[in-house]
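These notes concern the structure reproduced below.
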Amino acid sequence: MYDPVRLAALVAVAEAGSITRAAGRLGYTPPALSQQLAKLEREAGAPLLVRHHRGARLTAAGEVLVARARRVLDEMERARHELALLSGLTGGRLRVGTFTTVGIHLLPPVLSAFRRAHPDVELAVTEYEPPRGVAAVAAGQVDLALTHAYEPAGAEPLPTGVFLEPLLVEELVLVTAPGHVLAEGSGRLPVAELSDQPLISSAPAHPPRRGVEGALREAGARPAVVCESPGYALVCALVSAGLGVAVVPEMVAAMDPAPLGVRPLAPAAFRRTISVAHRGDESGPAAQSLRALLRGGFARGAT
C-alpha cells in the first residue's frame, strides 16, 4: 500500500515541475523530499521521475500513479472534512424524515451511529410517504428526508432550494407464492409473461404502480389488478398466501418475513432510487454529518 505522504510528494513535484520548488511548498528540504520519492519508486517498482537541469518530469509510470494519487488524496480530504463535521457537534436538534421500508431496514443503524458520535444532539424522526418528505424539507419541517423515485414512472419535480443525493439504486423484482410457476428458473422473466396474471398492486396513484402497469402495457401484457394495498407488507403477505403476484423493490423482497418466490424481470429497467433530500449549503452541520453516515450505511446495506 502506498504511503499517502509520498503520494502527496509526487503530486507536488508534478505540479511544481521541480523537487526544489515542491519541497518549499511542502516544508521539506530537497534531500528529504528526494528520499521520500525514492522510497515511493521502490514501492512502485518503476522510475516515476526523470531529473533534468530545469527540474523534473514524470515518466509514464509517474503519470499513471499521479492520476490515481490525486483521487486518493481527494477522498482522504473529503474523509477529513466529514470526520471534522462528526466531531464538532454539541447540542441542537436534527429532524429526519423517512419512509417505511428504509425506516425499518436501513435507517436505524445509521441513527445509532449518529447518536454514539453526537449524544448531545436531539433526534426527531417523522414518517412521510414519498414524495411528501421532499415537501417537508422545502417547508423547513425537517432538516433532511429519505425519499424514492421509480423508473420507468419518472421523478417528481423538486421544489426550489431542495437537492437530492442518491444513496442506493435497486431493481424491482417479481414476487410470488413459493412454488409458483413464474418463480421457476434462474433467468430473468420477460415482463410480457405477467399478462393476465392476478396482480396485487399499490394504490392507483402510487408511482411504482403507474410505472409497472405502463411497462406491462408497452410489452403487450394486460395487467389484471385483483387487489390494491397501500403498503408493501400487506402486498407481500397476500402474495405469499397465493392471491396473486406483485412487483416490488429488491429490498422489500429480501427482507419481508413472508415466504416468497423471487425472480428478476426483463428488461432490467424497473428500478427504485433511494435518495436523501436536503437544502444544500443551508443544511446545518448535524444534517451534513448524518448525510455522510447515510452514504456509508446505505453502501453497506446494498451489499
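Ordering of the C-alpha cells sets the chain letters (A, B, ...), residue numbers begin anew at 1 in every chain, and ligands are numbered from 1 in the order given.
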Check your understanding: Contacts of A:Glu63 at 10 Å or less, counting only C-alpha atoms, minus same-chain residues fewer than 6 places along, as a PyMOL selection string?
Key -> chain A and resi 10-11+14+48-49+57+69
Please return, as a short mmCIF file (atom, residue, chain, number, x, y, z; two decimals) with C-alpha atoms, in the first residue's frame, all residues of stretch 35-187 of chain A that DSSP assigns to strand (DSSP E) on the basis of the backbone.
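In the end it all went to out-v6.cif:
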data_model
loop_
_atom_site.label_atom_id
_atom_site.label_comp_id
_atom_site.auth_asym_id
_atom_site.auth_seq_id
_atom_site.Cartn_x
_atom_site.Cartn_y
_atom_site.Cartn_z
CA LEU A 49 10.56 10.93 -12.32
CA VAL A 50 13.22 11.99 -14.79
CA ARG A 51 15.51 14.70 -13.39
CA HIS A 52 16.87 17.33 -15.76
CA GLY A 55 13.68 20.38 -12.72
CA ALA A 56 11.87 17.04 -13.01
CA ARG A 57 9.18 15.50 -15.18
CA LEU A 58 7.01 12.42 -14.76
CA ARG A 93 -31.88 19.12 17.24
CA LEU A 94 -31.88 17.14 14.00
CA ARG A 95 -35.24 16.41 12.34
CA VAL A 96 -35.26 13.47 9.93
CA GLY A 97 -37.99 12.31 7.54
CA THR A 98 -38.18 8.76 6.24
CA GLU A 122 -31.63 15.52 19.92
CA LEU A 123 -33.10 13.34 17.14
CA ALA A 124 -36.67 13.54 15.85
CA VAL A 125 -37.92 11.11 13.16
CA THR A 126 -41.14 11.57 11.18
CA GLU A 127 -42.60 9.20 8.60
CA LEU A 144 -33.47 16.17 5.60
CA ALA A 145 -35.68 13.34 4.37
CA LEU A 146 -35.23 9.96 2.75
CA THR A 147 -37.32 9.55 -0.37
CA HIS A 148 -37.50 7.45 -3.52
CA ALA A 149 -38.22 7.66 -7.23
CA TYR A 150 -39.23 4.84 -9.54
CA GLU A 151 -38.28 4.07 -13.12
CA PHE A 163 -31.45 18.86 -3.61
CA LEU A 164 -31.41 15.07 -3.93
CA GLU A 165 -28.36 12.93 -3.20
CA PRO A 166 -28.80 9.33 -4.47
CA LEU A 167 -27.84 6.70 -1.91
CA LEU A 168 -28.99 3.37 -3.33
CA VAL A 169 -30.38 2.03 -6.62
CA GLU A 170 -32.24 -1.29 -6.58
CA GLU A 171 -34.17 -3.28 -9.17
CA LEU A 172 -37.84 -4.13 -8.90
CA VAL A 173 -38.42 -7.89 -8.89
CA LEU A 174 -41.36 -10.26 -9.23
CA VAL A 175 -42.57 -11.88 -6.03
CA THR A 176 -44.85 -14.92 -6.00
#
**Study point:** Among the residues A:Leu33, A:Leu40, A:Val5, A:Ala136, the one that comes closest to A:Ser18 [using only C-alpha atoms]
**Key:**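 The closest residue to A:Ser18 is A:Leu33.
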Review point. Could you pull out all residues of stretch 198-280 of chain A with a DSSP call of alpha helix (DSSP H) and give them as a count of residues only?
Key: 27
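You can rank A:Ser201, A:Gly280, A:Val226, A:Arg6 by their closest distance to A:Val247 using only C-alpha atoms, and at the top of that list sits A:Ser201.
Residues within 12 Å of A:Ala258, counting only C-alpha atoms and excluding same-chain residues fewer than 6 positions away, are A:Val175, A:Thr176, A:Ala177, A:Pro178, A:Tyr232, A:Ala233, A:Leu234, A:Val235, A:Cys236, A:Ala237, A:Leu238, A:Val239, A:Ser240, A:Ala241, A:Gly242, A:Val252.
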I need the chosen residues saved as a PDB file, in the first residue's frame, with C-alpha atoms.
ATOM      1  CA  VAL A 175     -42.574 -11.883  -6.026  1.00  0.00           C
ATOM      2  CA  THR A 176     -44.852 -14.918  -6.000  1.00  0.00           C
ATOM      3  CA  ALA A 177     -46.047 -17.563  -3.605  1.00  0.00           C
ATOM      4  CA  PRO A 178     -43.420 -20.283  -3.017  1.00  0.00           C
ATOM      5  CA  TYR A 232     -45.611  -3.466   0.697  1.00  0.00           C
ATOM      6  CA  ALA A 233     -46.015  -5.532   3.880  1.00  0.00           C
ATOM      7  CA  LEU A 234     -49.630  -6.308   3.011  1.00  0.00           C
ATOM      8  CA  VAL A 235     -48.760  -6.801  -0.676  1.00  0.00           C
ATOM      9  CA  CYS A 236     -46.174  -9.451   0.219  1.00  0.00           C
ATOM     10  CA  ALA A 237     -48.465 -11.173   2.729  1.00  0.00           C
ATOM     11  CA  LEU A 238     -51.215 -11.503   0.102  1.00  0.00           C
ATOM     12  CA  VAL A 239     -48.711 -12.749  -2.488  1.00  0.00           C
ATOM     13  CA  SER A 240     -47.316 -15.322  -0.070  1.00  0.00           C
ATOM     14  CA  ALA A 241     -50.864 -16.577   0.540  1.00  0.00           C
ATOM     15  CA  GLY A 242     -51.254 -17.268  -3.184  1.00  0.00           C
ATOM     16  CA  VAL A 252     -38.696  -5.453   0.182  1.00  0.00           C
TER      17      VAL A 252
END
Check your understanding: Quick one: distance from atom CA of A:Ala79 to atom CA of A:Gly27 in Å, one decimal?
Key ->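 Here the two named atoms are 23.5 Å from each other.
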**Study point:** Nearby residues (only C-alpha atoms) at most 12 Å from stretch 129-133 of chain A, same-chain spacing under 5 positions excluded, as a ChimeraX atom specification
**Key:** /A:95-103,138-150,155-159,162,164,205-208,230-231,273-278
Exercise for review: Return the single residue from A:Val262, A:Ala215, A:Leu189, A:Val64 that is closest to A:Ala46, with distances computed using only C-alpha atoms.
Suggested key: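 Result for the nearest residue to A:Ala46: A:Val64.
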